[in-house]
>>> print(open('query-v7.pdb').read())   # PDB, C-alpha atoms, pLDDT in the B column
ATOM      1  CA  MET A   1      86.376   9.090-209.698  1.00 53.00           C
ATOM      2  CA  SER A   2      85.702   7.309-212.987  1.00 66.00           C
ATOM      3  CA  ALA A   3      88.219   4.788-214.253  1.00 82.00           C
ATOM      4  CA  ILE A   4      87.239   5.634-217.844  1.00 95.00           C
ATOM      5  CA  ASP A   5      89.850   7.460-219.912  1.00 97.00           C
ATOM      6  CA  ILE A   6      88.885  10.785-221.486  1.00 97.00           C
ATOM      7  CA  LEU A   7      90.143  11.272-225.040  1.00 98.00           C
ATOM      8  CA  PHE A   8      88.733  14.784-225.667  1.00 98.00           C
ATOM      9  CA  GLU A   9      87.287  17.440-223.389  1.00 97.00           C
ATOM     10  CA  ASP A  10      85.983  20.962-223.766  1.00 96.00           C
ATOM     11  CA  GLY A  11      83.039  23.005-222.502  1.00 96.00           C
ATOM     12  CA  GLU A  12      80.366  21.157-224.486  1.00 97.00           C
ATOM     13  CA  ALA A  13      81.810  17.723-225.287  1.00 97.00           C
ATOM     14  CA  LEU A  14      83.608  14.727-223.858  1.00 98.00           C
ATOM     15  CA  VAL A  15      84.874  11.768-225.839  1.00 98.00           C
ATOM     16  CA  ILE A  16      85.491   8.800-223.585  1.00 98.00           C
ATOM     17  CA  ASP A  17      87.322   5.554-224.258  1.00 98.00           C
ATOM     18  CA  LYS A  18      84.489   3.108-223.550  1.00 98.00           C
ATOM     19  CA  PRO A  19      85.760  -0.218-222.235  1.00 97.00           C
ATOM     20  CA  ALA A  20      84.648  -3.403-223.993  1.00 97.00           C
ATOM     21  CA  GLY A  21      81.900  -5.147-222.019  1.00 96.00           C
ATOM     22  CA  LEU A  22      80.382  -1.962-220.556  1.00 97.00           C
ATOM     23  CA  PRO A  23      76.767  -1.444-221.710  1.00 97.00           C
ATOM     24  CA  LEU A  24      75.365   2.058-222.073  1.00 97.00           C
ATOM     25  CA  ASP A  25      72.096   1.182-220.301  1.00 95.00           C
ATOM     26  CA  PRO A  26      71.664  -0.755-217.032  1.00 94.00           C
ATOM     27  CA  PRO A  27      71.237  -4.471-217.839  1.00 92.00           C
ATOM     28  CA  ARG A  28      67.894  -6.065-216.890  1.00 90.00           C
ATOM     29  CA  LYS A  29      69.708  -8.651-214.808  1.00 90.00           C
ATOM     30  CA  GLY A  30      71.685  -5.922-213.010  1.00 88.00           C
ATOM     31  CA  GLY A  31      75.356  -5.030-213.179  1.00 93.00           C
ATOM     32  CA  PRO A  32      77.457  -2.007-214.104  1.00 94.00           C
ATOM     33  CA  SER A  33      76.693   0.309-217.018  1.00 96.00           C
ATOM     34  CA  LEU A  34      77.848   3.653-218.372  1.00 97.00           C
ATOM     35  CA  GLN A  35      75.070   5.329-216.375  1.00 96.00           C
ATOM     36  CA  ASP A  36      76.989   4.486-213.193  1.00 95.00           C
ATOM     37  CA  GLU A  37      79.936   6.510-214.491  1.00 95.00           C
ATOM     38  CA  LEU A  38      78.040   9.644-215.565  1.00 96.00           C
ATOM     39  CA  PRO A  39      78.094  11.368-212.141  1.00 96.00           C
ATOM     40  CA  PHE A  40      81.900  11.063-212.083  1.00 95.00           C
ATOM     41  CA  LEU A  41      82.124  12.339-215.663  1.00 96.00           C
ATOM     42  CA  ARG A  42      80.464  15.642-214.729  1.00 96.00           C
ATOM     43  CA  LEU A  43      83.987  16.849-213.841  1.00 94.00           C
ATOM     44  CA  GLY A  44      82.670  19.869-211.991  1.00 92.00           C
ATOM     45  CA  PHE A  45      79.809  20.633-214.384  1.00 95.00           C
ATOM     46  CA  ALA A  46      76.226  20.953-213.082  1.00 93.00           C
ATOM     47  CA  ARG A  47      74.823  18.311-215.435  1.00 95.00           C
ATOM     48  CA  GLU A  48      75.805  14.753-216.161  1.00 97.00           C
ATOM     49  CA  PRO A  49      77.009  14.349-219.769  1.00 98.00           C
ATOM     50  CA  GLN A  50      74.775  12.312-222.073  1.00 98.00           C
ATOM     51  CA  PRO A  51      75.757   9.883-224.873  1.00 98.00           C
ATOM     52  CA  VAL A  52      75.120  11.309-228.342  1.00 98.00           C
ATOM     53  CA  HIS A  53      75.289   7.959-230.167  1.00 97.00           C
ATOM     54  CA  ARG A  54      75.521   4.303-229.251  1.00 96.00           C
ATOM     55  CA  LEU A  55      78.161   1.591-229.142  1.00 97.00           C
ATOM     56  CA  ASP A  56      77.347  -2.081-228.591  1.00 96.00           C
ATOM     57  CA  GLN A  57      78.267  -3.489-225.190  1.00 96.00           C
ATOM     58  CA  ASP A  58      81.225  -5.408-226.657  1.00 97.00           C
ATOM     59  CA  THR A  59      82.519  -2.492-228.745  1.00 98.00           C
ATOM     60  CA  SER A  60      85.351  -0.473-227.217  1.00 98.00           C
ATOM     61  CA  GLY A  61      86.585   3.011-228.055  1.00 98.00           C
ATOM     62  CA  CYS A  62      85.404   6.527-228.871  1.00 98.00           C
ATOM     63  CA  LEU A  63      82.007   7.525-227.480  1.00 98.00           C
ATOM     64  CA  LEU A  64      80.852  11.146-227.662  1.00 98.00           C
ATOM     65  CA  LEU A  65      79.038  12.656-224.682  1.00 98.00           C
ATOM     66  CA  ALA A  66      77.357  16.083-224.727  1.00 98.00           C
ATOM     67  CA  ARG A  67      77.652  18.290-221.645  1.00 98.00           C
ATOM     68  CA  ASN A  68      74.439  20.275-222.159  1.00 97.00           C
ATOM     69  CA  PRO A  69      71.082  19.785-223.968  1.00 97.00           C
ATOM     70  CA  LYS A  70      71.865  22.236-226.787  1.00 97.00           C
ATOM     71  CA  ALA A  71      75.109  20.443-227.595  1.00 97.00           C
ATOM     72  CA  LEU A  72      73.307  17.078-227.440  1.00 98.00           C
ATOM     73  CA  LYS A  73      70.829  18.281-230.062  1.00 97.00           C
ATOM     74  CA  ARG A  74      73.514  19.775-232.331  1.00 97.00           C
ATOM     75  CA  PHE A  75      75.786  16.758-232.179  1.00 98.00           C
ATOM     76  CA  GLY A  76      72.855  14.399-232.742  1.00 97.00           C
ATOM     77  CA  GLN A  77      71.984  16.380-235.859  1.00 97.00           C
ATOM     78  CA  ALA A  78      75.564  16.064-237.119  1.00 97.00           C
ATOM     79  CA  PHE A  79      75.264  12.258-236.850  1.00 96.00           C
ATOM     80  CA  GLU A  80      71.894  12.285-238.628  1.00 94.00           C
ATOM     81  CA  GLU A  81      73.267  14.439-241.440  1.00 95.00           C
ATOM     82  CA  ARG A  82      76.278  12.100-241.854  1.00 94.00           C
ATOM     83  CA  LEU A  83      78.765  14.870-241.086  1.00 96.00           C
ATOM     84  CA  VAL A  84      80.614  12.772-238.497  1.00 97.00           C
ATOM     85  CA  THR A  85      83.702  10.805-239.539  1.00 97.00           C
ATOM     86  CA  LYS A  86      83.931   7.433-237.781  1.00 98.00           C
ATOM     87  CA  ARG A  87      86.825   4.989-237.968  1.00 98.00           C
ATOM     88  CA  TYR A  88      86.514   1.474-236.624  1.00 98.00           C
ATOM     89  CA  LEU A  89      88.941  -1.429-236.459  1.00 98.00           C
ATOM     90  CA  GLY A  90      87.673  -4.980-236.540  1.00 98.00           C
ATOM     91  CA  VAL A  91      89.267  -8.420-236.564  1.00 98.00           C
ATOM     92  CA  VAL A  92      87.361 -10.722-238.901  1.00 98.00           C
ATOM     93  CA  ALA A  93      87.446 -14.500-238.799  1.00 98.00           C
ATOM     94  CA  GLY A  94      88.849 -15.301-242.221  1.00 96.00           C
ATOM     95  CA  GLN A  95      90.911 -13.943-245.083  1.00 95.00           C
ATOM     96  CA  ILE A  96      89.670 -11.411-247.628  1.00 96.00           C
ATOM     97  CA  ALA A  97      90.790 -11.435-251.252  1.00 93.00           C
ATOM     98  CA  GLN A  98      90.322  -7.732-252.011  1.00 96.00           C
ATOM     99  CA  ASN A  99      92.284  -4.934-250.359  1.00 97.00           C
ATOM    100  CA  GLU A 100      89.486  -2.395-250.055  1.00 98.00           C
ATOM    101  CA  GLY A 101      85.936  -1.662-251.136  1.00 98.00           C
ATOM    102  CA  THR A 102      82.499  -0.346-250.242  1.00 98.00           C
ATOM    103  CA  ILE A 103      79.628  -2.424-248.868  1.00 98.00           C
ATOM    104  CA  ASN A 104      76.186  -1.122-249.774  1.00 97.00           C
ATOM    105  CA  LEU A 105      73.680  -3.432-248.099  1.00 97.00           C
ATOM    106  CA  ALA A 106      70.378  -2.117-246.759  1.00 97.00           C
ATOM    107  CA  LEU A 107      69.457  -3.502-243.340  1.00 97.00           C
ATOM    108  CA  SER A 108      66.209  -4.497-241.663  1.00 96.00           C
ATOM    109  CA  LYS A 109      65.408  -5.685-238.155  1.00 93.00           C
ATOM    110  CA  VAL A 110      63.832  -9.120-237.646  1.00 93.00           C
ATOM    111  CA  SER A 111      62.742 -10.824-234.457  1.00 89.00           C
ATOM    112  CA  THR A 112      61.856 -14.378-233.491  1.00 81.00           C
ATOM    113  CA  ALA A 113      60.830 -15.848-230.162  1.00 76.00           C
ATOM    114  CA  LYS A 114      63.655 -18.392-230.374  1.00 75.00           C
ATOM    115  CA  ASP A 115      66.610 -16.163-231.301  1.00 74.00           C
ATOM    116  CA  GLY A 116      65.467 -12.681-230.307  1.00 82.00           C
ATOM    117  CA  TRP A 117      66.172  -9.821-232.712  1.00 88.00           C
ATOM    118  CA  ARG A 118      68.921  -9.263-235.248  1.00 94.00           C
ATOM    119  CA  MET A 119      69.610  -7.166-238.346  1.00 95.00           C
ATOM    120  CA  ILE A 120      69.563  -8.746-241.812  1.00 93.00           C
ATOM    121  CA  PRO A 121      70.369  -7.505-245.325  1.00 94.00           C
ATOM    122  CA  ALA A 122      67.066  -6.610-247.002  1.00 94.00           C
ATOM    123  CA  LYS A 123      66.315  -4.728-250.226  1.00 92.00           C
ATOM    124  CA  GLN A 124      63.446  -2.915-248.502  1.00 92.00           C
ATOM    125  CA  GLY A 125      65.583  -2.098-245.462  1.00 95.00           C
ATOM    126  CA  LYS A 126      67.240   1.161-244.456  1.00 96.00           C
ATOM    127  CA  PRO A 127      70.256   2.195-246.560  1.00 96.00           C
ATOM    128  CA  ALA A 128      73.598   1.253-245.000  1.00 97.00           C
ATOM    129  CA  VAL A 129      77.012   2.014-246.487  1.00 97.00           C
ATOM    130  CA  THR A 130      80.429   1.032-245.121  1.00 98.00           C
ATOM    131  CA  HIS A 131      83.847   1.685-246.694  1.00 98.00           C
ATOM    132  CA  TRP A 132      86.522  -0.791-245.695  1.00 98.00           C
ATOM    133  CA  ARG A 133      90.249  -1.396-246.105  1.00 98.00           C
ATOM    134  CA  LYS A 134      92.370  -4.432-245.269  1.00 98.00           C
ATOM    135  CA  LEU A 135      95.214  -3.541-242.887  1.00 97.00           C
ATOM    136  CA  ALA A 136      96.864  -6.849-241.947  1.00 97.00           C
ATOM    137  CA  GLU A 137      96.498 -10.635-241.986  1.00 97.00           C
ATOM    138  CA  ARG A 138      97.683 -13.059-239.347  1.00 96.00           C
ATOM    139  CA  ASP A 139      96.912 -16.702-238.569  1.00 95.00           C
ATOM    140  CA  GLY A 140      93.791 -16.791-240.737  1.00 96.00           C
ATOM    141  CA  LEU A 141      92.460 -13.546-239.259  1.00 98.00           C
ATOM    142  CA  THR A 142      92.263 -10.129-240.927  1.00 98.00           C
ATOM    143  CA  LEU A 143      92.443  -6.652-239.366  1.00 98.00           C
ATOM    144  CA  VAL A 144      90.052  -4.372-241.254  1.00 98.00           C
ATOM    145  CA  GLU A 145      89.468  -0.639-241.065  1.00 98.00           C
ATOM    146  CA  PHE A 146      85.778   0.251-241.390  1.00 98.00           C
ATOM    147  CA  ARG A 147      84.498   3.757-242.159  1.00 98.00           C
ATOM    148  CA  PRO A 148      80.702   3.671-241.954  1.00 97.00           C
ATOM    149  CA  GLU A 149      78.809   6.406-243.790  1.00 95.00           C
ATOM    150  CA  THR A 150      75.529   5.518-242.110  1.00 94.00           C
ATOM    151  CA  GLY A 151      74.953   4.521-238.500  1.00 93.00           C
ATOM    152  CA  ARG A 152      72.561   1.597-238.540  1.00 94.00           C
ATOM    153  CA  THR A 153      72.322  -0.783-235.598  1.00 93.00           C
ATOM    154  CA  HIS A 154      74.889  -3.610-235.923  1.00 97.00           C
ATOM    155  CA  GLN A 155      75.878  -2.188-239.332  1.00 98.00           C
ATOM    156  CA  ILE A 156      79.556  -3.155-239.294  1.00 98.00           C
ATOM    157  CA  ARG A 157      78.801  -6.564-237.796  1.00 98.00           C
ATOM    158  CA  VAL A 158      76.303  -7.452-240.544  1.00 98.00           C
ATOM    159  CA  HIS A 159      78.391  -5.876-243.298  1.00 98.00           C
ATOM    160  CA  ALA A 160      81.413  -7.919-242.220  1.00 98.00           C
ATOM    161  CA  ALA A 161      79.458 -11.190-242.173  1.00 98.00           C
ATOM    162  CA  SER A 162      77.304 -10.649-245.266  1.00 97.00           C
ATOM    163  CA  GLY A 163      79.334  -8.096-247.252  1.00 97.00           C
ATOM    164  CA  LEU A 164      82.886  -9.338-246.673  1.00 97.00           C
ATOM    165  CA  GLY A 165      81.802 -12.927-246.090  1.00 97.00           C
ATOM    166  CA  ALA A 166      83.835 -13.017-242.867  1.00 97.00           C
ATOM    167  CA  PRO A 167      82.136 -12.178-239.553  1.00 98.00           C
ATOM    168  CA  LEU A 168      83.857 -10.306-236.759  1.00 98.00           C
ATOM    169  CA  LEU A 169      85.839 -12.647-234.532  1.00 98.00           C
ATOM    170  CA  GLY A 170      83.877 -13.557-231.403  1.00 98.00           C
ATOM    171  CA  ASP A 171      80.529 -12.288-232.737  1.00 98.00           C
ATOM    172  CA  PRO A 172      77.870 -14.581-231.211  1.00 96.00           C
ATOM    173  CA  VAL A 173      75.021 -13.290-233.404  1.00 95.00           C
ATOM    174  CA  TYR A 174      76.490 -12.923-236.904  1.00 97.00           C
ATOM    175  CA  GLY A 175      79.378 -15.369-236.451  1.00 97.00           C
ATOM    176  CA  ASP A 176      80.023 -18.455-234.348  1.00 96.00           C
ATOM    177  CA  GLY A 177      81.069 -16.549-231.233  1.00 96.00           C
ATOM    178  CA  LYS A 178      84.402 -18.374-231.113  1.00 96.00           C
ATOM    179  CA  GLY A 179      88.012 -17.193-231.068  1.00 96.00           C
ATOM    180  CA  ALA A 180      87.649 -14.203-228.731  1.00 97.00           C
ATOM    181  CA  ALA A 181      85.991 -13.260-225.453  1.00 97.00           C
ATOM    182  CA  ARG A 182      84.018 -10.503-227.186  1.00 98.00           C
ATOM    183  CA  THR A 183      83.004  -9.266-230.622  1.00 98.00           C
ATOM    184  CA  MET A 184      86.291  -7.765-231.871  1.00 98.00           C
ATOM    185  CA  LEU A 185      85.219  -4.264-232.880  1.00 98.00           C
ATOM    186  CA  HIS A 186      86.893  -1.035-231.739  1.00 98.00           C
ATOM    187  CA  ALA A 187      85.813   2.577-232.356  1.00 98.00           C
ATOM    188  CA  ALA A 188      89.305   3.902-233.089  1.00 98.00           C
ATOM    189  CA  GLY A 189      88.528   7.454-234.210  1.00 98.00           C
ATOM    190  CA  LEU A 190      85.799  10.089-234.219  1.00 98.00           C
ATOM    191  CA  THR A 191      85.666  13.572-235.762  1.00 98.00           C
ATOM    192  CA  VAL A 192      82.651  15.863-235.360  1.00 98.00           C
ATOM    193  CA  PRO A 193      82.625  19.215-237.200  1.00 97.00           C
ATOM    194  CA  ARG A 194      81.301  22.294-235.390  1.00 95.00           C
ATOM    195  CA  GLU A 195      80.378  25.722-236.705  1.00 91.00           C
ATOM    196  CA  GLY A 196      82.707  28.428-235.448  1.00 92.00           C
ATOM    197  CA  LYS A 197      84.712  26.028-233.281  1.00 94.00           C
ATOM    198  CA  PRO A 198      87.463  23.481-233.864  1.00 96.00           C
ATOM    199  CA  ASP A 199      86.342  19.948-234.692  1.00 97.00           C
ATOM    200  CA  ILE A 200      85.840  17.459-231.908  1.00 98.00           C
ATOM    201  CA  ALA A 201      88.575  14.972-232.778  1.00 98.00           C
ATOM    202  CA  ALA A 202      89.557  11.898-230.776  1.00 98.00           C
ATOM    203  CA  ALA A 203      91.480   8.676-231.283  1.00 98.00           C
ATOM    204  CA  SER A 204      91.440   5.612-229.060  1.00 98.00           C
ATOM    205  CA  PRO A 205      94.515   3.386-228.825  1.00 97.00           C
ATOM    206  CA  LEU A 206      94.306  -0.214-229.953  1.00 96.00           C
ATOM    207  CA  PRO A 207      92.998  -2.432-227.124  1.00 96.00           C
ATOM    208  CA  ALA A 208      95.144  -5.111-225.537  1.00 97.00           C
ATOM    209  CA  ASP A 209      93.013  -7.977-226.902  1.00 97.00           C
ATOM    210  CA  PHE A 210      93.694  -6.792-230.470  1.00 97.00           C
ATOM    211  CA  ALA A 211      97.426  -6.578-229.741  1.00 97.00           C
ATOM    212  CA  ALA A 212      97.329 -10.070-228.175  1.00 97.00           C
ATOM    213  CA  LEU A 213      96.290 -11.402-231.597  1.00 97.00           C
ATOM    214  CA  GLY A 214      99.412  -9.844-233.107  1.00 95.00           C
ATOM    215  CA  PHE A 215      97.837  -6.746-234.655  1.00 96.00           C
ATOM    216  CA  SER A 216      98.869  -3.093-234.394  1.00 90.00           C
ATOM    217  CA  ASP A 217      97.170   0.113-235.549  1.00 77.00           C
ATOM    218  CA  GLY A 218      99.679   1.582-237.918  1.00 64.00           C
TER     219      GLY A 218
END
>>> encode(input="query-v7.pdb", output="structure tokens")
Amino acid sequence: MSAIDILFEDGEALVIDKPAGLPLDPPRKGGPSLQDELPFLRLGFAREPQPVHRLDQDTSGCLLLARNPKALKRFGQAFEERLVTKRYLGVVAGQIAQNEGTINLALSKVSTAKDGWRMIPAKQGKPAVTHWRKLAERDGLTLVEFRPETGRTHQIRVHAASGLGAPLLGDPVYGDGKGAARTMLHAAGLTVPREGKPDIAAASPLPADFAALGFSDG
């Protein structure tokens, strides 16, 4: 039996509450991954469910799995067409003057032998748009709600560091990696529209490490 909580379930979809620290793919050096959990998440179905989109290893919260190939294709198309509503919560290391705004910074992937790969803002990059709203401040930290329109790799992490000027707490790539045991980003909500069926709608409760910093989702 899987220890992963299920936030939404019907005949073609599961939304799971992915724990922070669990990668989707098996790590090169070995160790647990989401793939280990997929047999348990069949829940009586013939096929293992498959992830429709990706969350970074450190990111916790809502992850959509499709229970058959047709659903996987349809849901993937909904993400590509920007029909999916995504709500993230992040703790950034610093205070932000404005209360809300939109970050429009195109992103491009760069790679060096020394540091590996990362995403950077680049005029010739792929369009990336994130709406954000300040929710709370505490001890020099800020809880921010992010609603990404696009789904670029590391989008919220780069947009926090370069767009807000305050990286996510604990981010080792776009920040200093200090202040938290992980990059403090949580996929709090997900809504996927479907033709002729009710929306897939799920919400993940605020993780304990966010609450330990004195923040609440409300």
>>> residues_around(input="query-v7.pdb", residues="Cys62 (chain A)", least_positions_apart="6", cutoff="8 Å", atoms="only C-alpha atoms", output="PyMOL selection string")
chain A and resi 7+15-18+187-190+202-204
>>> resolve_selection(input="query-v7.pdb", expression="the PyMOL selection byres ((chain A and resi 132) around 12)", output="number ranges by chain")
A: 86-90, 96, 98-104, 129-131, 133-135, 142-149, 156, 159-160, 163-164
>>> resolve_selection(input="query-v7.pdb", expression="the PyMOL selection byres ((chain A and resi 94) around 12)", output="list in words")
Gly90, Val91, Val92, Ala93, Gln95, Ile96, Ala97, Lys134, Ala136, Glu137, Arg138, Asp139, Gly140, Leu141, Thr142, Leu143, Val144, Ala160, Ala161, Leu164, Gly165, Ala166, Pro167, Leu168, Leu169, Gly175 and Gly179 of chain A
>>> residues_around(input="query-v7.pdb", residues="Pro23 (chain A)", least_positions_apart="4", cutoff="12 Å", atoms="all atoms listed in the file", output="list in words")
Lys18, Pro19, Pro27, Arg28, Gly30, Gly31, Pro32, Ser33, Leu34, Gln35, Asp36, Glu37, Pro51, Arg54, Leu55, Asp56, Gln57, Asp58, Thr59, Ser60 and Leu63 of chain A
>>> residues_around(input="query-v7.pdb", residues="Ala122 (chain A)", least_positions_apart="6", cutoff="7 Å", atoms="all atoms listed in the file", output="VMD selection string")
chain A and resid 106 to 108
>>> residues_around(input="query-v7.pdb", residues="Asp115 (chain A)", least_positions_apart="4", cutoff="10 Å", atoms="all atoms listed in the file", output="short mmCIF file (atom, residue, chain, number, x, y, z; two decimals) with C-alpha atoms, in the frame of the given file")
data_model
loop_
_atom_site.label_atom_id
_atom_site.label_comp_id
_atom_site.auth_asym_id
_atom_site.auth_seq_id
_atom_site.Cartn_x
_atom_site.Cartn_y
_atom_site.Cartn_z
CA VAL A 110 63.83 -9.12 -237.65
CA SER A 111 62.74 -10.82 -234.46
CA VAL A 173 75.02 -13.29 -233.40
#
>>> resolve_selection(input="query-v7.pdb", expression="the PyMOL selection byres ((chain A and resi 14) around 8)", output="list of chain:residue names")
A:Ile6, A:Leu7, A:Phe8, A:Glu9, A:Asp10, A:Glu12, A:Ala13, A:Val15, A:Ile16, A:Pro49, A:Leu64, A:Leu65, A:Ala66, A:Arg67
>>> build_atoms(input="query-v7.pdb", residues="region 172-190 of chain A", atoms="N, CA and C atoms", output="PDB file, in the coordinates of the input")
ATOM      1  N   PRO A 172      78.761 -13.450-231.475  1.00 96.00           N
ATOM      2  CA  PRO A 172      77.870 -14.581-231.211  1.00 96.00           C
ATOM      3  C   PRO A 172      76.587 -14.553-232.031  1.00 96.00           C
ATOM      4  N   VAL A 173      76.270 -13.417-232.656  1.00 95.00           N
ATOM      5  CA  VAL A 173      75.021 -13.290-233.404  1.00 95.00           C
ATOM      6  C   VAL A 173      75.238 -13.503-234.895  1.00 95.00           C
ATOM      7  N   TYR A 174      76.259 -12.861-235.456  1.00 97.00           N
ATOM      8  CA  TYR A 174      76.490 -12.923-236.904  1.00 97.00           C
ATOM      9  C   TYR A 174      77.666 -13.832-237.267  1.00 97.00           C
ATOM     10  N   GLY A 175      78.316 -14.383-236.255  1.00 97.00           N
ATOM     11  CA  GLY A 175      79.378 -15.369-236.451  1.00 97.00           C
ATOM     12  C   GLY A 175      79.131 -16.544-235.524  1.00 97.00           C
ATOM     13  N   ASP A 176      80.202 -17.281-235.213  1.00 96.00           N
ATOM     14  CA  ASP A 176      80.023 -18.455-234.348  1.00 96.00           C
ATOM     15  C   ASP A 176      80.371 -18.172-232.888  1.00 96.00           C
ATOM     16  N   GLY A 177      80.765 -16.927-232.614  1.00 96.00           N
ATOM     17  CA  GLY A 177      81.069 -16.549-231.233  1.00 96.00           C
ATOM     18  C   GLY A 177      82.381 -17.092-230.703  1.00 96.00           C
ATOM     19  N   LYS A 178      83.160 -17.733-231.572  1.00 96.00           N
ATOM     20  CA  LYS A 178      84.402 -18.374-231.113  1.00 96.00           C
ATOM     21  C   LYS A 178      85.621 -17.501-231.408  1.00 96.00           C
ATOM     22  N   GLY A 179      86.724 -17.814-230.750  1.00 96.00           N
ATOM     23  CA  GLY A 179      88.012 -17.193-231.068  1.00 96.00           C
ATOM     24  C   GLY A 179      88.356 -15.967-230.253  1.00 96.00           C
ATOM     25  N   ALA A 180      87.384 -15.392-229.549  1.00 97.00           N
ATOM     26  CA  ALA A 180      87.649 -14.203-228.731  1.00 97.00           C
ATOM     27  C   ALA A 180      86.590 -14.112-227.643  1.00 97.00           C
ATOM     28  N   ALA A 181      86.916 -13.391-226.580  1.00 97.00           N
ATOM     29  CA  ALA A 181      85.991 -13.260-225.453  1.00 97.00           C
ATOM     30  C   ALA A 181      84.888 -12.245-225.727  1.00 97.00           C
ATOM     31  N   ARG A 182      85.032 -11.498-226.821  1.00 98.00           N
ATOM     32  CA  ARG A 182      84.018 -10.503-227.186  1.00 98.00           C
ATOM     33  C   ARG A 182      84.007 -10.350-228.698  1.00 98.00           C
ATOM     34  N   THR A 183      83.016  -9.639-229.205  1.00 98.00           N
ATOM     35  CA  THR A 183      83.004  -9.266-230.622  1.00 98.00           C
ATOM     36  C   THR A 183      84.126  -8.260-230.845  1.00 98.00           C
ATOM     37  N   MET A 184      85.055  -8.551-231.742  1.00 98.00           N
ATOM     38  CA  MET A 184      86.291  -7.765-231.871  1.00 98.00           C
ATOM     39  C   MET A 184      86.082  -6.542-232.769  1.00 98.00           C
ATOM     40  N   LEU A 185      85.470  -5.517-232.177  1.00 98.00           N
ATOM     41  CA  LEU A 185      85.219  -4.264-232.880  1.00 98.00           C
ATOM     42  C   LEU A 185      85.606  -3.112-231.960  1.00 98.00           C
ATOM     43  N   HIS A 186      86.347  -2.145-232.533  1.00 98.00           N
ATOM     44  CA  HIS A 186      86.893  -1.035-231.739  1.00 98.00           C
ATOM     45  C   HIS A 186      86.664   0.277-232.473  1.00 98.00           C
ATOM     46  N   ALA A 187      86.032   1.239-231.791  1.00 98.00           N
ATOM     47  CA  ALA A 187      85.813   2.577-232.356  1.00 98.00           C
ATOM     48  C   ALA A 187      87.100   3.382-232.180  1.00 98.00           C
ATOM     49  N   ALA A 188      87.943   3.372-233.209  1.00 98.00           N
ATOM     50  CA  ALA A 188      89.305   3.902-233.089  1.00 98.00           C
ATOM     51  C   ALA A 188      89.384   5.415-233.245  1.00 98.00           C
ATOM     52  N   GLY A 189      88.439   6.015-233.974  1.00 98.00           N
ATOM     53  CA  GLY A 189      88.528   7.454-234.210  1.00 98.00           C
ATOM     54  C   GLY A 189      87.176   8.079-234.453  1.00 98.00           C
ATOM     55  N   LEU A 190      87.058   9.359-234.070  1.00 98.00           N
ATOM     56  CA  LEU A 190      85.799  10.089-234.219  1.00 98.00           C
ATOM     57  C   LEU A 190      86.115  11.559-234.456  1.00 98.00           C
TER      58      LEU A 190
END
